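So this one's entry.pdb, PDB, C-alpha atoms:
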```pdb
ATOM      1  CA  MET A   1     114.539 102.408 114.694
ATOM      2  CA  LYS A   2     112.091 102.964 111.872
ATOM      3  CA  SER A   3     113.031 104.837 108.734
ATOM      4  CA  SER A   4     111.676 108.380 108.577
ATOM      5  CA  ARG A   5     109.631 107.265 105.571
ATOM      6  CA  ASN A   6     108.060 104.387 107.500
ATOM      7  CA  LYS A   7     104.616 105.646 108.535
ATOM      8  CA  THR A   8     103.388 102.364 110.052
ATOM      9  CA  ILE A   9     101.250 102.900 113.161
ATOM     10  CA  ASP A  10     102.477 100.466 115.813
ATOM     11  CA  ILE A  11     101.905 102.293 119.111
ATOM     12  CA  SER A  12     102.197  99.928 122.077
ATOM     13  CA  ILE A  13      99.513  99.513 124.738
ATOM     14  CA  SER A  14     101.627 101.373 127.294
ATOM     15  CA  GLU A  15     102.204 104.246 124.871
ATOM     16  CA  GLY A  16      98.574 104.389 123.758
ATOM     17  CA  LYS A  17      96.685 104.542 127.044
ATOM     18  CA  GLN A  18      95.087 107.865 126.067
ATOM     19  CA  TYR A  19      93.585 106.221 122.967
ATOM     20  CA  LEU A  20      92.364 103.183 124.855
ATOM     21  CA  ASP A  21      90.647 105.528 127.307
ATOM     22  CA  ASN A  22      88.556 106.835 124.403
ATOM     23  CA  CYS A  23      86.994 103.397 123.980
ATOM     24  CA  ILE A  24      83.973 101.913 125.728
ATOM     25  CA  LYS A  25      85.207  98.962 127.774
ATOM     26  CA  PHE A  26      82.645  96.175 127.646
ATOM     27  CA  SER A  27      82.127  94.117 130.784
ATOM     28  CA  SER A  28      80.031  91.028 131.369
ATOM     29  CA  LYS A  29      78.463  93.007 134.217
ATOM     30  CA  ILE A  30      76.664  95.155 131.636
ATOM     31  CA  LYS A  31      73.163  93.709 131.270
ATOM     32  CA  SER A  32      71.006  96.495 129.863
ATOM     33  CA  LYS A  33      70.976  97.496 126.194
ATOM     34  CA  PHE A  34      73.121 100.377 125.015
ATOM     35  CA  GLU A  35      71.507 103.675 124.102
ATOM     36  CA  ILE A  36      72.336 104.721 120.550
ATOM     37  CA  ASN A  37      73.843 108.067 121.555
ATOM     38  CA  ASP A  38      76.133 106.346 124.057
ATOM     39  CA  ILE A  39      77.870 104.239 121.402
ATOM     40  CA  LEU A  40      77.719 106.522 118.369
ATOM     41  CA  ASN A  41      81.165 107.398 116.972
ATOM     42  CA  LYS A  42      82.755 105.053 119.481
ATOM     43  CA  THR A  43      84.986 101.993 119.535
ATOM     44  CA  ILE A  44      83.721  99.290 121.893
ATOM     45  CA  GLN A  45      86.512  97.163 123.296
ATOM     46  CA  GLY A  46      85.073  93.695 123.794
ATOM     47  CA  ASP A  47      84.069  90.380 122.231
ATOM     48  CA  ALA A  48      81.513  90.933 119.461
ATOM     49  CA  LEU A  49      79.487  87.849 120.420
ATOM     50  CA  GLN A  50      78.996  89.308 123.906
ATOM     51  CA  VAL A  51      78.436  92.912 122.826
ATOM     52  CA  LEU A  52      76.026  92.370 119.915
ATOM     53  CA  PRO A  53      73.044  91.148 122.002
ATOM     54  CA  LEU A  54      73.067  94.481 123.875
ATOM     55  CA  MET A  55      72.985  96.669 120.757
ATOM     56  CA  PRO A  56      69.735  98.543 119.906
ATOM     57  CA  ASP A  57      67.438  97.105 117.244
ATOM     58  CA  SER A  58      66.993  98.420 113.698
ATOM     59  CA  PHE A  59      69.275 101.468 113.820
ATOM     60  CA  ILE A  60      72.209 100.682 111.509
ATOM     61  CA  ASP A  61      72.294 101.603 107.820
ATOM     62  CA  LEU A  62      75.366  99.661 106.745
ATOM     63  CA  ILE A  63      77.425  96.817 108.204
ATOM     64  CA  ILE A  64      80.914  96.033 106.941
ATOM     65  CA  ALA A  65      82.267  92.865 108.534
ATOM     66  CA  ASP A  66      85.751  91.417 108.208
ATOM     67  CA  PRO A  67      85.582  88.337 110.455
ATOM     68  CA  PRO A  68      88.536  85.996 111.003
ATOM     69  CA  TYR A  69      89.007  83.801 107.949
ATOM     70  CA  ASN A  70      89.118  80.074 108.573
ATOM     71  CA  LEU A  71      92.895  80.057 108.932
ATOM     72  CA  ASP A  72      95.399  79.721 111.756
ATOM     73  CA  LYS A  73      96.146  83.348 112.545
ATOM     74  CA  ASN A  74      97.552  85.181 115.555
ATOM     75  CA  TYR A  75      95.927  88.563 116.081
ATOM     76  CA  ASN A  76      98.315  90.057 118.603
ATOM     77  CA  GLY A  77      97.773  87.320 121.166
ATOM     78  CA  HIS A  78      94.196  86.452 120.152
ATOM     79  CA  THR A  79      94.618  83.292 118.084
ATOM     80  CA  PHE A  80      92.015  81.993 115.650
ATOM     81  CA  LYS A  81      92.473  78.294 114.975
ATOM     82  CA  LYS A  82      91.372  76.744 111.704
ATOM     83  CA  ILE A  83      88.248  74.634 112.222
ATOM     84  CA  SER A  84      86.170  72.300 110.071
ATOM     85  CA  ASP A  85      83.955  73.781 107.361
ATOM     86  CA  SER A  86      80.822  72.858 109.299
ATOM     87  CA  ASP A  87      82.146  74.476 112.480
ATOM     88  CA  TYR A  88      83.071  77.620 110.574
ATOM     89  CA  ILE A  89      79.541  77.793 109.164
ATOM     90  CA  GLU A  90      78.199  77.491 112.714
ATOM     91  CA  TYR A  91      80.586  80.223 113.900
ATOM     92  CA  THR A  92      79.464  82.486 111.056
ATOM     93  CA  GLU A  93      75.804  81.861 111.757
ATOM     94  CA  ASN A  94      76.288  82.735 115.424
ATOM     95  CA  TRP A  95      77.359  86.293 114.647
ATOM     96  CA  ILE A  96      75.168  86.770 111.566
ATOM     97  CA  LYS A  97      72.059  85.997 113.654
ATOM     98  CA  LEU A  98      73.091  88.641 116.155
ATOM     99  CA  ILE A  99      73.663  91.438 113.656
ATOM    100  CA  LYS A 100      70.540  90.889 111.533
ATOM    101  CA  PRO A 101      68.206  92.670 114.023
ATOM    102  CA  LEU A 102      70.505  95.711 114.142
ATOM    103  CA  LEU A 103      69.968  96.683 110.511
ATOM    104  CA  LYS A 104      67.235  98.993 109.291
ATOM    105  CA  PRO A 105      64.700  97.529 106.806
ATOM    106  CA  ASN A 106      66.636  99.168 103.948
ATOM    107  CA  GLY A 107      70.051  98.273 105.375
ATOM    108  CA  SER A 108      72.964  96.531 103.653
ATOM    109  CA  ILE A 109      75.806  94.261 104.725
ATOM    110  CA  TYR A 110      79.190  93.427 103.202
ATOM    111  CA  VAL A 111      81.228  90.469 104.477
ATOM    112  CA  CYS A 112      84.898  89.993 103.587
ATOM    113  CA  CYS A 113      86.378  86.517 103.073
ATOM    114  CA  ASP A 114      88.938  84.504 101.157
ATOM    115  CA  TRP A 115      88.171  81.787  98.626
ATOM    116  CA  LYS A 116      88.373  79.018 101.206
ATOM    117  CA  CYS A 117      85.557  80.372 103.383
ATOM    118  CA  SER A 118      83.621  82.246 100.688
ATOM    119  CA  SER A 119      81.072  79.474 100.192
ATOM    120  CA  ALA A 120      80.459  79.237 103.954
ATOM    121  CA  ILE A 121      79.819  82.985 104.190
ATOM    122  CA  GLU A 122      77.483  82.901 101.192
ATOM    123  CA  SER A 123      75.472  79.960 102.508
ATOM    124  CA  VAL A 124      74.783  81.665 105.843
ATOM    125  CA  LEU A 125      74.086  85.103 104.374
ATOM    126  CA  ARG A 126      71.540  83.559 102.005
ATOM    127  CA  LYS A 127      69.532  82.276 104.988
ATOM    128  CA  TYR A 128      69.157  85.722 106.547
ATOM    129  CA  PHE A 129      69.539  88.269 103.735
ATOM    130  CA  ILE A 130      69.055  88.789 100.014
ATOM    131  CA  ILE A 131      72.328  88.212  98.196
ATOM    132  CA  GLN A 132      72.934  91.020  95.691
ATOM    133  CA  ASN A 133      76.447  90.306  94.438
ATOM    134  CA  ARG A 134      79.925  88.996  95.104
ATOM    135  CA  ILE A 135      82.837  91.400  94.701
ATOM    136  CA  THR A 136      86.285  90.004  94.013
ATOM    137  CA  TRP A 137      89.245  92.302  94.570
ATOM    138  CA  GLN A 138      92.866  91.877  93.615
ATOM    139  CA  ARG A 139      95.223  92.185  96.569
ATOM    140  CA  GLU A 140      98.106  92.736  94.127
ATOM    141  CA  LYS A 141     100.268  90.995  96.715
ATOM    142  CA  GLY A 142     100.488  87.399  97.772
ATOM    143  CA  ARG A 143     102.964  84.659  98.453
ATOM    144  CA  GLY A 144     104.064  82.521  95.563
ATOM    145  CA  ALA A 145     103.401  78.788  95.621
ATOM    146  CA  MET A 146     105.462  76.076  93.913
ATOM    147  CA  ARG A 147     102.543  73.667  93.493
ATOM    148  CA  ASN A 148      99.576  76.007  93.180
ATOM    149  CA  TRP A 149      98.435  79.333  91.779
ATOM    150  CA  LYS A 150      99.506  82.389  93.717
ATOM    151  CA  ASN A 151      96.601  83.486  95.930
ATOM    152  CA  ASN A 152      96.019  87.243  95.628
ATOM    153  CA  MET A 153      92.229  87.544  95.363
ATOM    154  CA  GLU A 154      89.609  88.014  98.067
ATOM    155  CA  ASP A 155      85.813  88.146  98.021
ATOM    156  CA  ILE A 156      83.287  90.505  99.564
ATOM    157  CA  TRP A 157      79.651  89.351  99.679
ATOM    158  CA  PHE A 158      77.040  92.095  99.278
ATOM    159  CA  ALA A 159      73.600  91.435 100.764
ATOM    160  CA  THR A 160      70.569  93.448 101.850
ATOM    161  CA  VAL A 161      67.650  93.131 104.243
ATOM    162  CA  SER A 162      65.153  93.793 101.432
ATOM    163  CA  ASN A 163      65.063  94.809  97.793
ATOM    164  CA  LYS A 164      64.755  98.434  98.856
ATOM    165  CA  TYR A 165      68.262  99.594  99.694
ATOM    166  CA  THR A 166      70.744 102.427  99.149
ATOM    167  CA  PHE A 167      73.083 102.210  96.179
ATOM    168  CA  ASN A 168      74.769 105.418  95.016
ATOM    169  CA  ILE A 169      76.236 104.387  91.688
ATOM    170  CA  ASN A 170      77.381 107.885  90.748
ATOM    171  CA  ASP A 171      79.496 108.075  93.913
ATOM    172  CA  VAL A 172      81.629 105.067  93.005
ATOM    173  CA  LYS A 173      82.424 105.531  89.343
ATOM    174  CA  GLN A 174      86.018 104.865  88.345
ATOM    175  CA  LYS A 175      88.185 107.177  86.296
ATOM    176  CA  ARG A 176      89.889 105.120  83.597
ATOM    177  CA  LYS A 177      92.326 106.116  80.895
ATOM    178  CA  VAL A 178      90.888 106.105  77.392
ATOM    179  CA  LEU A 179      93.115 104.036  75.122
ATOM    180  CA  ALA A 180      91.142 104.554  71.897
ATOM    181  CA  PRO A 181      89.269 107.863  72.240
ATOM    182  CA  TYR A 182      86.241 108.136  69.971
ATOM    183  CA  LYS A 183      84.849 111.432  68.756
ATOM    184  CA  HIS A 184      81.392 112.334  67.461
ATOM    185  CA  ASN A 185      81.130 115.423  65.258
ATOM    186  CA  GLY A 186      84.673 116.264  66.289
ATOM    187  CA  LYS A 187      83.924 116.209  70.015
ATOM    188  CA  PRO A 188      84.910 113.615  72.639
ATOM    189  CA  LYS A 189      82.198 110.992  73.149
ATOM    190  CA  ASP A 190      81.843 109.866  76.773
ATOM    191  CA  TRP A 191      85.358 111.011  77.732
ATOM    192  CA  VAL A 192      87.191 114.171  78.711
ATOM    193  CA  GLU A 193      90.708 115.438  78.225
ATOM    194  CA  THR A 194      92.561 116.765  81.283
ATOM    195  CA  ASP A 195      96.123 117.743  82.179
ATOM    196  CA  ASP A 196      96.633 114.137  83.268
ATOM    197  CA  GLY A 197      95.378 112.651  79.994
ATOM    198  CA  LYS A 198      92.160 111.365  78.434
ATOM    199  CA  PHE A 199      89.707 109.758  80.858
ATOM    200  CA  ARG A 200      86.276 108.224  81.019
ATOM    201  CA  LEU A 201      84.067 107.760  84.086
ATOM    202  CA  THR A 202      82.960 104.132  84.064
ATOM    203  CA  PHE A 203      80.417 102.116  85.992
ATOM    204  CA  PRO A 204      82.194  99.860  88.483
ATOM    205  CA  SER A 205      82.060  96.098  88.050
ATOM    206  CA  ASN A 206      82.266  93.435  90.746
ATOM    207  CA  PHE A 207      85.961  92.855  89.994
ATOM    208  CA  TRP A 208      88.287  95.484  91.479
ATOM    209  CA  ASP A 209      91.870  95.663  90.281
ATOM    210  CA  ASP A 210      92.648  99.205  91.466
ATOM    211  CA  ILE A 211      93.301  98.514  95.166
ATOM    212  CA  SER A 212      96.698  98.819  96.854
ATOM    213  CA  VAL A 213      97.235  96.867 100.056
ATOM    214  CA  PRO A 214      98.612  99.221 102.760
ATOM    215  CA  TYR A 215     102.394  99.156 103.073
ATOM    216  CA  TRP A 216     105.016 100.799 105.264
ATOM    217  CA  SER A 217     105.216 104.207 103.547
ATOM    218  CA  MET A 218     101.430 104.776 103.508
ATOM    219  CA  LYS A 219      99.890 106.896 106.255
ATOM    220  CA  GLU A 220      97.036 104.444 106.776
ATOM    221  CA  ASN A 221      99.321 101.467 107.394
ATOM    222  CA  THR A 222      99.363  99.708 110.774
ATOM    223  CA  ALA A 223     101.043  96.576 112.062
ATOM    224  CA  HIS A 224      97.736  94.667 111.851
ATOM    225  CA  PRO A 225      98.286  91.429 109.854
ATOM    226  CA  THR A 226      95.096  91.622 107.756
ATOM    227  CA  GLN A 227      94.336  95.337 107.477
ATOM    228  CA  LYS A 228      91.889  96.280 104.711
ATOM    229  CA  PRO A 229      92.769  99.251 102.461
ATOM    230  CA  GLU A 230      90.884 102.507 103.021
ATOM    231  CA  LYS A 231      90.114 102.754  99.307
ATOM    232  CA  LEU A 232      88.418  99.350  99.380
ATOM    233  CA  ILE A 233      86.150 100.266 102.290
ATOM    234  CA  ALA A 234      85.465 103.740 100.862
ATOM    235  CA  LYS A 235      83.794 102.167  97.835
ATOM    236  CA  LEU A 236      81.443 100.179 100.054
ATOM    237  CA  VAL A 237      80.613 103.129 102.303
ATOM    238  CA  LEU A 238      79.950 105.539  99.426
ATOM    239  CA  ALA A 239      77.834 103.057  97.488
ATOM    240  CA  SER A 240      75.674 101.752 100.313
ATOM    241  CA  SER A 241      75.214 104.645 102.743
ATOM    242  CA  ASN A 242      74.461 108.354 102.755
ATOM    243  CA  VAL A 243      75.931 111.277 104.685
ATOM    244  CA  ASN A 244      75.067 110.994 108.425
ATOM    245  CA  ASP A 245      74.098 107.311 108.091
ATOM    246  CA  ILE A 246      75.398 104.868 110.705
ATOM    247  CA  VAL A 247      78.127 102.451 109.586
ATOM    248  CA  PHE A 248      78.977  99.511 111.857
ATOM    249  CA  ASP A 249      81.869  97.050 111.929
ATOM    250  CA  PRO A 250      81.644  94.161 114.440
ATOM    251  CA  PHE A 251      85.267  93.077 113.801
ATOM    252  CA  LEU A 252      86.923  96.484 113.623
ATOM    253  CA  GLY A 253      90.578  95.449 113.665
ATOM    254  CA  SER A 254      92.786  98.494 113.191
ATOM    255  CA  GLY A 255      89.806 100.726 112.484
ATOM    256  CA  THR A 256      89.542 101.139 108.715
ATOM    257  CA  THR A 257      85.729 101.075 108.570
ATOM    258  CA  SER A 258      85.301 103.683 111.309
ATOM    259  CA  VAL A 259      88.042 105.879 109.835
ATOM    260  CA  ILE A 260      86.470 105.848 106.373
ATOM    261  CA  ALA A 261      82.998 106.503 107.788
ATOM    262  CA  LYS A 262      84.390 109.542 109.597
ATOM    263  CA  LYS A 263      86.260 110.810 106.534
ATOM    264  CA  LEU A 264      83.095 110.497 104.433
ATOM    265  CA  ASN A 265      80.857 112.227 106.994
ATOM    266  CA  ARG A 266      79.047 109.142 108.242
ATOM    267  CA  LYS A 267      78.561 108.088 111.838
ATOM    268  CA  TYR A 268      80.352 104.964 112.990
ATOM    269  CA  ILE A 269      80.456 102.222 115.608
ATOM    270  CA  GLY A 270      83.078  99.489 115.858
ATOM    271  CA  ILE A 271      83.665  96.487 118.101
ATOM    272  CA  GLU A 272      87.176  95.155 118.627
ATOM    273  CA  GLN A 273      88.337  92.838 121.409
ATOM    274  CA  ASN A 274      92.080  93.477 121.058
ATOM    275  CA  LYS A 275      93.318  96.456 123.087
ATOM    276  CA  GLN A 276      96.284  96.988 120.776
ATOM    277  CA  TYR A 277      94.056  97.284 117.711
ATOM    278  CA  CYS A 278      91.652  99.603 119.540
ATOM    279  CA  ILE A 279      94.572 101.963 120.163
ATOM    280  CA  TRP A 280      95.567 101.955 116.496
ATOM    281  CA  ALA A 281      91.958 102.556 115.462
ATOM    282  CA  GLU A 282      91.620 105.535 117.782
ATOM    283  CA  LYS A 283      94.957 106.946 116.622
ATOM    284  CA  ARG A 284      93.785 106.759 113.019
ATOM    285  CA  LEU A 285      90.467 108.401 113.920
ATOM    286  CA  GLU A 286      92.416 111.249 115.502
ATOM    287  CA  MET A 287      94.559 111.570 112.370
ATOM    288  CA  ALA A 288      91.405 111.780 110.232
ATOM    289  CA  ASP A 289      90.527 115.085 111.937
ATOM    290  CA  SER A 290      93.439 116.810 110.215
ATOM    291  CA  ASP A 291      93.731 114.635 107.107
ATOM    292  CA  PRO A 292      90.501 113.295 105.577
ATOM    293  CA  SER A 293      92.184 112.219 102.319
ATOM    294  CA  ILE A 294      91.759 108.712 100.912
ATOM    295  CA  GLN A 295      94.483 107.412  98.603
ATOM    296  CA  GLY A 296      93.232 106.740  95.100
ATOM    297  CA  TYR A 297      90.065 108.796  95.612
ATOM    298  CA  THR A 298      90.155 112.424  94.489
ATOM    299  CA  ASP A 299      87.742 114.867  92.904
ATOM    300  CA  GLY A 300      84.832 112.622  93.846
ATOM    301  CA  VAL A 301      85.983 109.647  91.761
ATOM    302  CA  PHE A 302      88.171 106.552  92.129
ATOM    303  CA  TRP A 303      91.339 106.488  90.043
ATOM    304  CA  GLU A 304      93.029 103.453  88.573
ATOM    305  CA  ARG A 305      95.975 102.115  90.548
ATOM    306  CA  ASN A 306      99.297 103.847  89.848
ATOM    307  CA  THR A 307      97.824 106.744  87.881
ATOM    308  CA  HIS A 308      99.240 110.236  88.396
ATOM    309  CA  SER A 309      96.542 111.521  90.755
ATOM    310  CA  PHE A 310      96.675 108.276  92.688
ATOM    311  CA  GLN A 311     100.387 108.706  93.304
ATOM    312  CA  LYS A 312      99.859 112.225  94.649
ATOM    313  CA  ASN A 313      97.809 110.781  97.494
ATOM    314  CA  LEU A 314     100.232 108.125  98.696
TER     315      LEU A 314
END
```

Take the structure in this file and express it as structure tokens.
Amino acid sequence: MKSSRNKTIDISISEGKQYLDNCIKFSSKIKSKFEINDILNKTIQGDALQVLPLMPDSFIDLIIADPPYNLDKNYNGHTFKKISDSDYIEYTENWIKLIKPLLKPNGSIYVCCDWKCSSAIESVLRKYFIIQNRITWQREKGRGAMRNWKNNMEDIWFATVSNKYTFNINDVKQKRKVLAPYKHNGKPKDWVETDDGKFRLTFPSNFWDDISVPYWSMKENTAHPTQKPEKLIAKLVLASSNVNDIVFDPFLGSGTTSVIAKKLNRKYIGIEQNKQYCIWAEKRLEMADSDPSIQGYTDGVFWERNTHSFQKNL
């Protein structure tokens, strides 16, 4: 029995049939391309490499992809086996080639990875897109190692189809505490004083140390082994898409990208082959109807980790 404080979503397949029924079940018998309206705001249950060729061309504004890292990992019965670097590059190129035609001319793509496969992701992205930046975020968790540095950083590569792309800098500013407030003519300079303290809105860098990995007492948490935090994905969605844009995730997992797109008034499409994860994604999408909050994001800005307003949203 779970503790009453344990909010982890771990609905079984038998318990979640109603959620699985919400999904589009992909079959190899499907030969014609999907119509946009048929897949909008939907989860497609199927293998991305089989589904992607049947997606419409040039209709997506933003892609957020979290493919399997080059590690031995069991995703609820779907096992990804570690392969050689060259084979992983080939695997990456196979799906990158399929998603490139889906993006609009001003579209953007973010690809998540760890340090071991970061160079492979970058090398393939560079062939098909314009690399704009590499984000590194601190997981703030990680297993210790006796003969190496503890690994608690991951990368996200940011690339675009062209040099004309959406980037809403004012939507992703971070609210940071002012340690040495400076005044000009007796008035605060570039900072404000609130009930919570003195703060400044700052331009975000490509190193993010304000992210909390989902854990058992957080409403967004699922039993997925590599779930990305909602706050992390919210930054990408707000920066690189606009309201009513289409956000697509070809490796949806437990649904974070679709959930955040919905909470931020974007349209969404996700592909996920695992039935269990599809159920969790649909459950979270249902929950978003009554609770659109995103931990660490209030009043239109992102707060530092463990600040007062952040804690109110856990």

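What separates CA of Ile36 in chain A from CA of Leu232 in chain A is a distance of 27.1 Å.
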
Residues picked by the PyMOL selection byres ((chain A and resi 247-264) around 7) here, as a compact mmCIF listing (two decimals) with C-alpha atoms, in the frame of the given file?
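Generated output (selection38.txt):
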```
# COMPACT_ATOMS: atom_id res chain seq x y z
CA ALA A 48 81.51 90.93 119.46
CA ILE A 60 72.21 100.68 111.51
CA ASP A 61 72.29 101.60 107.82
CA LEU A 62 75.37 99.66 106.74
CA ILE A 63 77.42 96.82 108.20
CA ILE A 64 80.91 96.03 106.94
CA ALA A 65 82.27 92.86 108.53
CA ASP A 66 85.75 91.42 108.21
CA PRO A 67 85.58 88.34 110.46
CA HIS A 224 97.74 94.67 111.85
CA GLN A 227 94.34 95.34 107.48
CA LYS A 228 91.89 96.28 104.71
CA GLU A 230 90.88 102.51 103.02
CA ILE A 233 86.15 100.27 102.29
CA ALA A 234 85.46 103.74 100.86
CA VAL A 237 80.61 103.13 102.30
CA ASP A 245 74.10 107.31 108.09
CA ILE A 246 75.40 104.87 110.70
CA ASN A 265 80.86 112.23 106.99
CA ARG A 266 79.05 109.14 108.24
CA LYS A 267 78.56 108.09 111.84
CA TYR A 268 80.35 104.96 112.99
CA ILE A 269 80.46 102.22 115.61
CA GLY A 270 83.08 99.49 115.86
CA ILE A 271 83.66 96.49 118.10
CA GLU A 272 87.18 95.16 118.63
CA TYR A 277 94.06 97.28 117.71
CA CYS A 278 91.65 99.60 119.54
CA TRP A 280 95.57 101.96 116.50
CA ALA A 281 91.96 102.56 115.46
CA ARG A 284 93.78 106.76 113.02
CA LEU A 285 90.47 108.40 113.92
CA ALA A 288 91.40 111.78 110.23
CA PRO A 292 90.50 113.30 105.58
```

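Take the candidates A:Ile169, A:Val51, A:Leu201, A:Ile131 and check each one against Leu238 in chain A using all atoms listed in the file; the shortest distance goes to A:Ile169.
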
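This file, queried with the PyMOL selection byres ((chain A and resi 84) around 12), gives the residues Asn70, Leu71, Asp72, Lys81, Lys82, Ile83, Asp85, Ser86, Asp87, Tyr88, Ile89, Glu90, Tyr91, Lys116, Cys117 and Ala120 of chain A.
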
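If all atoms listed in the file are the atoms counted, then among A:Trp149, A:Tyr19, A:Trp95, A:Trp157 the closest residue to Cys113 in chain A is A:Trp157.
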
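With the shown file loaded, the PyMOL selection byres ((chain A and resi 57) around 10) picks out Lys33, Ile36, Pro53, Leu54, Met55, Pro56, Ser58, Phe59, Ile60, Ile99, Lys100, Pro101, Leu102, Leu103 and Lys104 of chain A.
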
At what distance in Å, to one decimal, does CA of Arg176 in chain A lie from CA of Tyr297 in chain A? 12.6 Å

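Nearest residue to Tyr69 in chain A among A:Ala223, A:Val111, A:Leu52, A:Ile30 is A:Val111, counting only C-alpha atoms.
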
If I wrap all listed atoms of range 224-230 of chain A in a box with edges along x, y and z and add 6 Å on each side, what are its centre and edge lengths in Å to one decimal, as lines of an AutoDock Vina configuration file?
```
center_x = 94.6
center_y = 97.0
center_z = 107.2
size_x = 19.4
size_y = 23.1
size_z = 21.4
```
